[in-house]
$ cat start35.pdb   # PDB, C-alpha atoms and all ligand atoms
ATOM      1  CA  LEU A   1      10.412 -13.019  15.559  1.00  0.00           C
ATOM      2  CA  SER A   2       9.632  -9.385  16.359  1.00  0.00           C
ATOM      3  CA  ALA A   3       7.826  -7.233  13.805  1.00  0.00           C
ATOM      4  CA  SER A   4      11.110  -5.486  12.985  1.00  0.00           C
ATOM      5  CA  GLU A   5      12.943  -8.772  12.518  1.00  0.00           C
ATOM      6  CA  PHE A   6      10.134 -10.042  10.345  1.00  0.00           C
ATOM      7  CA  ILE A   7      10.125  -7.026   8.086  1.00  0.00           C
ATOM      8  CA  ASP A   8      13.921  -6.990   7.924  1.00  0.00           C
ATOM      9  CA  SER A   9      13.885 -10.607   6.820  1.00  0.00           C
ATOM     10  CA  LEU A  10      11.508  -9.679   3.992  1.00  0.00           C
ATOM     11  CA  CYS A  11      12.982  -6.352   3.059  1.00  0.00           C
ATOM     12  CA  PRO A  12      16.561  -5.540   3.106  1.00  0.00           C
ATOM     13  CA  PRO A  13      17.647  -2.039   2.182  1.00  0.00           C
ATOM     14  CA  ILE A  14      15.969  -0.174  -0.523  1.00  0.00           C
ATOM     15  CA  SER A  15      16.885  -1.641  -3.843  1.00  0.00           C
ATOM     16  CA  THR A  16      16.532  -5.371  -3.745  1.00  0.00           C
ATOM     17  CA  GLY A  17      12.945  -6.164  -2.844  1.00  0.00           C
ATOM     18  CA  LYS A  18      13.747  -9.567  -1.481  1.00  0.00           C
ATOM     19  CA  SER A  19      10.238 -10.868  -1.501  1.00  0.00           C
ATOM     20  CA  HIS A  20      10.131 -10.670  -5.302  1.00  0.00           C
ATOM     21  CA  PRO A  21      13.092 -10.033  -7.577  1.00  0.00           C
ATOM     22  CA  GLN A  22      11.351  -7.547  -9.866  1.00  0.00           C
ATOM     23  CA  PRO A  23       8.580  -5.917  -7.874  1.00  0.00           C
ATOM     24  CA  LEU A  24       5.865  -3.899  -9.594  1.00  0.00           C
ATOM     25  CA  VAL A  25       4.381  -2.584  -6.364  1.00  0.00           C
ATOM     26  CA  GLY A  26       6.300  -1.032  -3.506  1.00  0.00           C
ATOM     27  CA  ILE A  27       4.604  -1.223  -0.129  1.00  0.00           C
ATOM     28  CA  ILE A  28       6.124   1.206   2.316  1.00  0.00           C
ATOM     29  CA  MET A  29       5.165   2.212   5.826  1.00  0.00           C
ATOM     30  CA  GLY A  30       6.348   4.727   8.339  1.00  0.00           C
ATOM     31  CA  SER A  31       6.982   2.302  11.176  1.00  0.00           C
ATOM     32  CA  ASP A  32       7.025  -1.400  11.933  1.00  0.00           C
ATOM     33  CA  SER A  33       3.989  -0.675  14.103  1.00  0.00           C
ATOM     34  CA  ASP A  34       2.082  -0.215  10.807  1.00  0.00           C
ATOM     35  CA  LEU A  35       2.898  -3.741   9.686  1.00  0.00           C
ATOM     36  CA  PRO A  36      -0.266  -5.502  10.937  1.00  0.00           C
ATOM     37  CA  VAL A  37      -2.364  -2.976   9.014  1.00  0.00           C
ATOM     38  CA  MET A  38      -0.295  -3.320   5.842  1.00  0.00           C
ATOM     39  CA  LEU A  39      -0.079  -7.118   5.701  1.00  0.00           C
ATOM     40  CA  PRO A  40      -3.540  -7.564   4.121  1.00  0.00           C
ATOM     41  CA  ALA A  41      -2.170  -5.690   1.083  1.00  0.00           C
ATOM     42  CA  THR A  42       0.471  -8.386   0.655  1.00  0.00           C
ATOM     43  CA  LYS A  43      -2.233 -11.035   0.868  1.00  0.00           C
ATOM     44  CA  ILE A  44      -4.135  -9.447  -2.021  1.00  0.00           C
ATOM     45  CA  LEU A  45      -1.019  -8.998  -4.141  1.00  0.00           C
ATOM     46  CA  ASP A  46      -0.069 -12.623  -3.474  1.00  0.00           C
ATOM     47  CA  GLN A  47      -3.561 -13.674  -4.520  1.00  0.00           C
ATOM     48  CA  PHE A  48      -3.255 -11.773  -7.813  1.00  0.00           C
ATOM     49  CA  GLY A  49       0.298 -12.898  -8.427  1.00  0.00           C
ATOM     50  CA  VAL A  50       1.661  -9.350  -8.343  1.00  0.00           C
ATOM     51  CA  PRO A  51       5.334  -9.078  -7.418  1.00  0.00           C
ATOM     52  CA  TYR A  52       5.919  -6.566  -4.641  1.00  0.00           C
ATOM     53  CA  GLU A  53       8.395  -5.431  -2.060  1.00  0.00           C
ATOM     54  CA  LEU A  54       7.788  -4.321   1.487  1.00  0.00           C
ATOM     55  CA  THR A  55       9.869  -1.915   3.491  1.00  0.00           C
ATOM     56  CA  ILE A  56       9.884   0.763   6.162  1.00  0.00           C
ATOM     57  CA  THR A  57      10.701   4.341   5.390  1.00  0.00           C
ATOM     58  CA  SER A  58       9.557   7.298   7.418  1.00  0.00           C
ATOM     59  CA  ALA A  59       9.008  10.853   6.205  1.00  0.00           C
ATOM     60  CA  HIS A  60      10.248  12.319   9.477  1.00  0.00           C
ATOM     61  CA  ARG A  61      12.545   9.650  10.978  1.00  0.00           C
ATOM     62  CA  THR A  62      14.341   8.615   7.785  1.00  0.00           C
ATOM     63  CA  PRO A  63      13.672  11.467   5.352  1.00  0.00           C
ATOM     64  CA  ALA A  64      16.789  10.841   3.261  1.00  0.00           C
ATOM     65  CA  ARG A  65      15.881   7.169   2.820  1.00  0.00           C
ATOM     66  CA  MET A  66      12.340   8.145   1.844  1.00  0.00           C
ATOM     67  CA  VAL A  67      13.571  10.525  -0.848  1.00  0.00           C
ATOM     68  CA  GLU A  68      16.078   7.960  -2.111  1.00  0.00           C
ATOM     69  CA  TYR A  69      13.330   5.341  -2.315  1.00  0.00           C
ATOM     70  CA  ALA A  70      10.953   7.666  -4.170  1.00  0.00           C
ATOM     71  CA  HIS A  71      13.626   8.825  -6.621  1.00  0.00           C
ATOM     72  CA  ALA A  72      14.722   5.284  -7.484  1.00  0.00           C
ATOM     73  CA  ALA A  73      11.268   3.717  -7.576  1.00  0.00           C
ATOM     74  CA  ARG A  74      10.381   4.277 -11.230  1.00  0.00           C
ATOM     75  CA  SER A  75      13.766   3.334 -12.652  1.00  0.00           C
ATOM     76  CA  ARG A  76      13.742   0.182 -10.529  1.00  0.00           C
ATOM     77  CA  GLY A  77      10.573  -0.908 -12.343  1.00  0.00           C
ATOM     78  CA  LEU A  78       7.944  -0.141  -9.718  1.00  0.00           C
ATOM     79  CA  ARG A  79       4.601   0.940 -11.206  1.00  0.00           C
ATOM     80  CA  VAL A  80       2.660   1.799  -8.049  1.00  0.00           C
ATOM     81  CA  ILE A  81       3.567   2.683  -4.488  1.00  0.00           C
ATOM     82  CA  ILE A  82       1.318   1.893  -1.537  1.00  0.00           C
ATOM     83  CA  ALA A  83       2.244   3.980   1.485  1.00  0.00           C
ATOM     84  CA  GLY A  84       0.823   3.453   4.950  1.00  0.00           C
ATOM     85  CA  ALA A  85       1.284   5.920   7.771  1.00  0.00           C
ATOM     86  CA  GLY A  86      -0.400   7.068  10.936  1.00  0.00           C
ATOM     87  CA  GLY A  87      -0.760  10.284  12.917  1.00  0.00           C
ATOM     88  CA  ALA A  88       0.588  13.240  10.946  1.00  0.00           C
ATOM     89  CA  ALA A  89       0.710  10.893   7.990  1.00  0.00           C
ATOM     90  CA  HIS A  90       2.807  12.810   5.499  1.00  0.00           C
ATOM     91  CA  LEU A  91       4.614   9.792   4.027  1.00  0.00           C
ATOM     92  CA  PRO A  92       2.252   9.164   1.066  1.00  0.00           C
ATOM     93  CA  GLY A  93       2.137  12.826   0.065  1.00  0.00           C
ATOM     94  CA  MET A  94       5.874  13.331   0.478  1.00  0.00           C
ATOM     95  CA  VAL A  95       6.644  10.247  -1.588  1.00  0.00           C
ATOM     96  CA  ALA A  96       4.151  11.352  -4.234  1.00  0.00           C
ATOM     97  CA  SER A  97       5.991  14.663  -4.433  1.00  0.00           C
ATOM     98  CA  GLU A  98       9.268  12.865  -5.171  1.00  0.00           C
ATOM     99  CA  THR A  99       8.047  10.407  -7.832  1.00  0.00           C
ATOM    100  CA  SER A 100       5.746  10.441 -10.849  1.00  0.00           C
ATOM    101  CA  LEU A 101       4.363   7.004  -9.961  1.00  0.00           C
ATOM    102  CA  PRO A 102       0.824   6.729  -8.617  1.00  0.00           C
ATOM    103  CA  VAL A 103       0.829   6.620  -4.816  1.00  0.00           C
ATOM    104  CA  VAL A 104      -1.979   5.055  -2.823  1.00  0.00           C
ATOM    105  CA  GLY A 105      -2.073   6.163   0.793  1.00  0.00           C
ATOM    106  CA  VAL A 106      -3.359   3.987   3.611  1.00  0.00           C
ATOM    107  CA  PRO A 107      -4.354   5.988   6.681  1.00  0.00           C
ATOM    108  CA  VAL A 108      -3.280   3.926   9.683  1.00  0.00           C
ATOM    109  CA  LYS A 109      -5.194   4.188  12.920  1.00  0.00           C
ATOM    110  CA  ALA A 110      -2.213   4.865  15.115  1.00  0.00           C
ATOM    111  CA  SER A 111      -3.123   7.578  17.556  1.00  0.00           C
ATOM    112  CA  VAL A 112      -5.670   8.825  20.008  1.00  0.00           C
ATOM    113  CA  LEU A 113      -7.643  10.355  17.121  1.00  0.00           C
ATOM    114  CA  ASP A 114      -8.817   6.995  15.775  1.00  0.00           C
ATOM    115  CA  GLY A 115      -7.104   7.359  12.409  1.00  0.00           C
ATOM    116  CA  VAL A 116      -9.094  10.400  11.354  1.00  0.00           C
ATOM    117  CA  ASP A 117      -5.889  12.406  11.710  1.00  0.00           C
ATOM    118  CA  SER A 118      -4.126  10.033   9.298  1.00  0.00           C
ATOM    119  CA  LEU A 119      -7.060  10.078   6.884  1.00  0.00           C
ATOM    120  CA  TYR A 120      -7.204  13.873   6.723  1.00  0.00           C
ATOM    121  CA  SER A 121      -3.408  14.121   6.427  1.00  0.00           C
ATOM    122  CA  ILE A 122      -3.431  11.914   3.344  1.00  0.00           C
ATOM    123  CA  VAL A 123      -6.684  12.811   1.636  1.00  0.00           C
ATOM    124  CA  GLN A 124      -6.238  16.562   2.018  1.00  0.00           C
ATOM    125  CA  MET A 125      -3.168  16.852  -0.209  1.00  0.00           C
ATOM    126  CA  PRO A 126      -3.042  20.328  -1.712  1.00  0.00           C
ATOM    127  CA  ARG A 127      -3.531  20.551  -5.465  1.00  0.00           C
ATOM    128  CA  GLY A 128      -0.700  19.518  -7.746  1.00  0.00           C
ATOM    129  CA  ILE A 129       0.404  16.318  -6.055  1.00  0.00           C
ATOM    130  CA  PRO A 130      -2.434  13.786  -6.152  1.00  0.00           C
ATOM    131  CA  THR A 131      -2.371  11.013  -3.589  1.00  0.00           C
ATOM    132  CA  ALA A 132      -5.050   8.342  -3.809  1.00  0.00           C
ATOM    133  CA  THR A 133      -6.512   7.555  -0.411  1.00  0.00           C
ATOM    134  CA  VAL A 134      -8.328   4.462   0.814  1.00  0.00           C
ATOM    135  CA  GLY A 135     -10.260   3.971   4.027  1.00  0.00           C
ATOM    136  CA  ILE A 136      -8.651   3.894   7.459  1.00  0.00           C
ATOM    137  CA  ASN A 137      -6.623   0.675   7.856  1.00  0.00           C
ATOM    138  CA  ASN A 138      -7.900  -0.576   4.489  1.00  0.00           C
ATOM    139  CA  SER A 139      -4.702  -1.798   2.858  1.00  0.00           C
ATOM    140  CA  THR A 140      -6.799  -4.440   1.099  1.00  0.00           C
ATOM    141  CA  ASN A 141      -8.379  -1.746  -1.056  1.00  0.00           C
ATOM    142  CA  ALA A 142      -5.003  -0.107  -1.611  1.00  0.00           C
ATOM    143  CA  ALA A 143      -3.708  -3.364  -3.073  1.00  0.00           C
ATOM    144  CA  LEU A 144      -6.838  -3.854  -5.171  1.00  0.00           C
ATOM    145  CA  LEU A 145      -6.442  -0.336  -6.553  1.00  0.00           C
ATOM    146  CA  ALA A 146      -2.805  -1.093  -7.325  1.00  0.00           C
ATOM    147  CA  VAL A 147      -3.866  -4.205  -9.256  1.00  0.00           C
ATOM    148  CA  ARG A 148      -6.420  -2.130 -11.187  1.00  0.00           C
ATOM    149  CA  ILE A 149      -3.731   0.430 -12.056  1.00  0.00           C
ATOM    150  CA  LEU A 150      -1.485  -2.377 -13.278  1.00  0.00           C
ATOM    151  CA  GLY A 151      -4.460  -3.735 -15.222  1.00  0.00           C
ATOM    152  CA  THR A 152      -4.507  -0.660 -17.451  1.00  0.00           C
ATOM    153  CA  SER A 153      -1.265  -1.841 -19.047  1.00  0.00           C
ATOM    154  CA  ILE A 154      -1.217  -5.547 -18.172  1.00  0.00           C
ATOM    155  CA  PRO A 155      -4.523  -7.089 -19.326  1.00  0.00           C
ATOM    156  CA  ALA A 156      -4.093 -10.242 -17.229  1.00  0.00           C
ATOM    157  CA  TYR A 157      -4.458  -8.158 -14.083  1.00  0.00           C
ATOM    158  CA  ALA A 158      -7.591  -6.441 -15.431  1.00  0.00           C
ATOM    159  CA  ASP A 159      -9.029  -9.877 -16.231  1.00  0.00           C
ATOM    160  CA  ALA A 160      -8.183 -11.037 -12.716  1.00  0.00           C
ATOM    161  CA  VAL A 161      -9.928  -8.004 -11.199  1.00  0.00           C
ATOM    162  CA  GLU A 162     -13.063  -8.852 -13.188  1.00  0.00           C
ATOM    163  CA  LYS A 163     -12.907 -12.449 -11.993  1.00  0.00           C
ATOM    164  CA  TYR A 164     -12.415 -11.278  -8.399  1.00  0.00           C
ATOM    165  CA  ALA A 165     -15.510  -9.072  -8.621  1.00  0.00           C
ATOM    166  CA  LYS A 166     -17.516 -11.907 -10.140  1.00  0.00           C
ATOM    167  CA  THR A 167     -16.481 -14.303  -7.389  1.00  0.00           C
ATOM    168  CA  MET A 168     -17.420 -11.747  -4.748  1.00  0.00           C
ATOM    169  CA  GLU A 169     -20.802 -11.256  -6.367  1.00  0.00           C
ATOM    170  CA  GLU A 170     -21.425 -15.010  -6.450  1.00  0.00           C
ATOM    171  CA  GLU A 171     -20.463 -15.333  -2.793  1.00  0.00           C
ATOM    172  CA  VAL A 172     -22.930 -12.643  -1.753  1.00  0.00           C
ATOM    173  CA  LEU A 173     -25.697 -14.079  -3.921  1.00  0.00           C
ATOM    174  CA  ALA A 174     -25.109 -17.515  -2.407  1.00  0.00           C
ATOM    175  CA  LYS A 175     -25.630 -16.011   1.046  1.00  0.00           C
ATOM    176  CA  VAL A 176     -28.830 -14.325  -0.126  1.00  0.00           C
ATOM    177  CA  GLY A 177     -30.001 -17.718  -1.328  1.00  0.00           C
ATOM    178  CA  VAL A 178     -29.277 -19.322   2.040  1.00  0.00           C
ATOM    179  CA  LEU A 179     -31.137 -16.581   3.932  1.00  0.00           C
ATOM    180  CA  GLU A 180     -34.194 -16.868   1.725  1.00  0.00           C
ATOM    181  CA  GLU A 181     -34.478 -20.641   1.975  1.00  0.00           C
TER     182      GLU A 181
HETATM  183  C1  LIG A 201       4.078   7.122  11.782  1.00  0.00           C
HETATM  184  O1  LIG A 201       3.930   7.233  13.148  1.00  0.00           O
HETATM  185  C2  LIG A 201       3.989   5.670  11.478  1.00  0.00           C
HETATM  186  O2  LIG A 201       3.458   5.492  10.206  1.00  0.00           O
HETATM  187  C3  LIG A 201       3.114   5.114  12.556  1.00  0.00           C
HETATM  188  O3  LIG A 201       1.800   4.876  12.105  1.00  0.00           O
HETATM  189  C4  LIG A 201       3.103   6.207  13.607  1.00  0.00           C
HETATM  190  C5  LIG A 201       3.560   5.713  14.957  1.00  0.00           C
HETATM  191  O4  LIG A 201       4.831   5.154  14.810  1.00  0.00           O
HETATM  192  P1  LIG A 201       5.527   4.407  16.028  1.00  0.00           P
HETATM  193  O5  LIG A 201       5.688   5.414  17.097  1.00  0.00           O
HETATM  194  O6  LIG A 201       4.595   3.293  16.426  1.00  0.00           O
HETATM  195  O7  LIG A 201       6.824   3.883  15.496  1.00  0.00           O
HETATM  196  O8  LIG A 201       5.282   7.617  11.352  1.00  0.00           O
END
$ encode --input "start35.pdb" --output "structure tokens"
Amino acid sequence: LSASEFIDSLCPPISTGKSHPQPLVGIIMGSDSDLPVMLPATKILDQFGVPYELTITSAHRTPARMVEYAHAARSRGLRVIIAGAGGAAHLPGMVASETSLPVVGVPVKASVLDGVDSLYSIVQMPRGIPTATVGINNSTNAALLAVRILGTSIPAYADAVEKYAKTMEEEVLAKVGVLEE
């Protein structure tokens, strides 16, 4: 299965969100070449039991589809959008300008500039249209931020975030213990 076939099998056109019938998080990316970077986000959302959808939409190659996606997102029940893009990574900012939902941008390392180009493109949004930005290739943190955003209105997700942090703390402390023995 090629990356495109894989993503097509998960995500048909815009509205259905095949992976989960009523997604709360929309994960979008500019190209199927972003998929390996974005998959860790799905792992986190799976872990937290958050329904999501995954699809490709590009700010410059499929601008009409991007606008359609952003306009429909809120009424379709999405609460957060995670957008990954590389190079001149305008997808997160463009989507944020077409929806009132919170958008978390993932700068993808996709060019000769080591992802710094993507990072600056996303983090340097001019005032008025905020776009949250995580580290280069860090879709894990994008998903964790999405869960935290959901947690402000769905307490079970906030509880799960607290448990996740506790588990992480215990894992690190266990390693400290091993090193000191
Ligand atoms: C962006 O251009 C995509 O988000 C991707 O990171 C980058 C390169 O895309 P491909 O040329 O690999 O399709 O739109």
$ closest_residue --input "start35.pdb" --among "A:Glu53, A:Asp114, A:Glu98, A:Glu171" --to "Met38 in chain A" --atoms "all atoms listed in the file"
A:Glu53
$ closest_atom_pairs --input "start35.pdb" --of "chain A" --to "ligand LIG 201 (chain A)" --cutoff "8 Å" --atoms "all atoms listed in the file" --output "CSV"
residue,atom,partner,partner_atom,distance
A:Met29,CA,A:LIG201,O2,5.7
A:Gly30,CA,A:LIG201,O2,3.5
A:Ser31,CA,A:LIG201,C2,4.5
A:Asp32,CA,A:LIG201,O7,6.4
A:Ser33,CA,A:LIG201,O6,4.6
A:Asp34,CA,A:LIG201,O3,5.3
A:Ser58,CA,A:LIG201,O8,5.8
A:Ala59,CA,A:LIG201,O8,7.1
A:His60,CA,A:LIG201,O8,7.1
A:Arg61,CA,A:LIG201,O8,7.6
A:Gly84,CA,A:LIG201,O2,6.2
A:Ala85,CA,A:LIG201,O2,3.3
A:Gly86,CA,A:LIG201,O3,3.3
A:Gly87,CA,A:LIG201,O1,5.6
A:Ala88,CA,A:LIG201,C1,7.1
A:Ala89,CA,A:LIG201,C1,6.3
A:Leu91,CA,A:LIG201,O2,7.6
A:Val108,CA,A:LIG201,O3,5.7
A:Lys109,CA,A:LIG201,O3,7.1
A:Ala110,CA,A:LIG201,O3,5.0
A:Ser111,CA,A:LIG201,C5,7.4
$ residues_around --input "start35.pdb" --residues "Pro126 in chain A" --least-positions-apart "3" --cutoff "12 Å" --atoms "all atoms listed in the file" --output "PyMOL selection string"
chain A and resi 90+93-94+96-97+120-123+129-131
$ write_last_selection --input "start35.pdb" --atoms "C-alpha atoms" --output "PDB file, in the coordinates of the input"
ATOM      1  CA  HIS A  90       2.807  12.810   5.499  1.00  0.00           C
ATOM      2  CA  GLY A  93       2.137  12.826   0.065  1.00  0.00           C
ATOM      3  CA  MET A  94       5.874  13.331   0.478  1.00  0.00           C
ATOM      4  CA  ALA A  96       4.151  11.352  -4.234  1.00  0.00           C
ATOM      5  CA  SER A  97       5.991  14.663  -4.433  1.00  0.00           C
ATOM      6  CA  TYR A 120      -7.204  13.873   6.723  1.00  0.00           C
ATOM      7  CA  SER A 121      -3.408  14.121   6.427  1.00  0.00           C
ATOM      8  CA  ILE A 122      -3.431  11.914   3.344  1.00  0.00           C
ATOM      9  CA  VAL A 123      -6.684  12.811   1.636  1.00  0.00           C
ATOM     10  CA  ILE A 129       0.404  16.318  -6.055  1.00  0.00           C
ATOM     11  CA  PRO A 130      -2.434  13.786  -6.152  1.00  0.00           C
ATOM     12  CA  THR A 131      -2.371  11.013  -3.589  1.00  0.00           C
TER      13      THR A 131
END
$ closest_atom_pairs --input "start35.pdb" --of "range 69-148 of chain A" --to "range 154-164 of chain A" --cutoff "8 Å" --atoms "all atoms listed in the file" --output "Markdown table"
| residue | atom | partner | partner_atom | distance |
| --- | --- | --- | --- | --- |
| A:Leu144 | CA | A:Val161 | CA | 7.9 |
| A:Val147 | CA | A:Tyr157 | CA | 6.3 |
| A:Arg148 | CA | A:Ala158 | CA | 6.2 |
$ atom_distance --input "start35.pdb" --atom1 "CA of Val106 in chain A" --atom2 "CA of His71 in chain A"
20.4 Å
$ closest_residue --input "start35.pdb" --among "A:Leu24, A:Val178, A:Leu113, A:Val37" --to "Gly151 in chain A" --atoms "all atoms listed in the file"
A:Leu24
$ residues_around --input "start35.pdb" --residues "Thr99 in chain A" --least-positions-apart "3" --cutoff "10 Å" --atoms "only C-alpha atoms" --output "list in words"
Val67, Tyr69, Ala70, His71, Ala72, Ala73, Arg74, Ile81, Met94, Val95, Ala96, Pro102, Val103 and Ile129 of chain A
$ write_last_selection --input "start35.pdb" --atoms "C-alpha atoms" --output "mmCIF file, in the frame of the given file"
data_model
loop_
_atom_site.group_PDB
_atom_site.id
_atom_site.type_symbol
_atom_site.label_atom_id
_atom_site.label_comp_id
_atom_site.auth_asym_id
_atom_site.auth_seq_id
_atom_site.Cartn_x
_atom_site.Cartn_y
_atom_site.Cartn_z
ATOM 1 C CA VAL A 67 13.571 10.525 -0.848
ATOM 2 C CA TYR A 69 13.330 5.341 -2.315
ATOM 3 C CA ALA A 70 10.953 7.666 -4.170
ATOM 4 C CA HIS A 71 13.626 8.825 -6.621
ATOM 5 C CA ALA A 72 14.722 5.284 -7.484
ATOM 6 C CA ALA A 73 11.268 3.717 -7.576
ATOM 7 C CA ARG A 74 10.381 4.277 -11.230
ATOM 8 C CA ILE A 81 3.567 2.683 -4.488
ATOM 9 C CA MET A 94 5.874 13.331 0.478
ATOM 10 C CA VAL A 95 6.644 10.247 -1.588
ATOM 11 C CA ALA A 96 4.151 11.352 -4.234
ATOM 12 C CA PRO A 102 0.824 6.729 -8.617
ATOM 13 C CA VAL A 103 0.829 6.620 -4.816
ATOM 14 C CA ILE A 129 0.404 16.318 -6.055
#
$ atom_distance --input "start35.pdb" --atom1 "CA of Leu150 in chain A" --atom2 "CA of Pro23 in chain A"
12.0 Å
$ residues_around --input "start35.pdb" --residues "Ala143 in chain A" --least-positions-apart "6" --cutoff "7 Å" --atoms "all atoms listed in the file" --output "PyMOL selection string"
chain A and resi 41+44-45
$ write_last_selection --input "start35.pdb" --atoms "C-alpha atoms" --output "mmCIF file, in the frame of the given file"
data_model
loop_
_atom_site.group_PDB
_atom_site.id
_atom_site.type_symbol
_atom_site.label_atom_id
_atom_site.label_comp_id
_atom_site.auth_asym_id
_atom_site.auth_seq_id
_atom_site.Cartn_x
_atom_site.Cartn_y
_atom_site.Cartn_z
ATOM 1 C CA ALA A 41 -2.170 -5.690 1.083
ATOM 2 C CA ILE A 44 -4.135 -9.447 -2.021
ATOM 3 C CA LEU A 45 -1.019 -8.998 -4.141
#
$ atom_distance --input "start35.pdb" --atom1 "CA of Tyr52 in chain A" --atom2 "CA of Leu78 in chain A"
8.4 Å
$ axis_aligned_box --input "start35.pdb" --around "range 170-175 of chain A" --padding-each-side "4 Å" --output "lines of an AutoDock Vina configuration file"
center_x = -23.1
center_y = -15.1
center_z = -2.7
size_x = 13.2
size_y = 12.9
size_z = 15.5
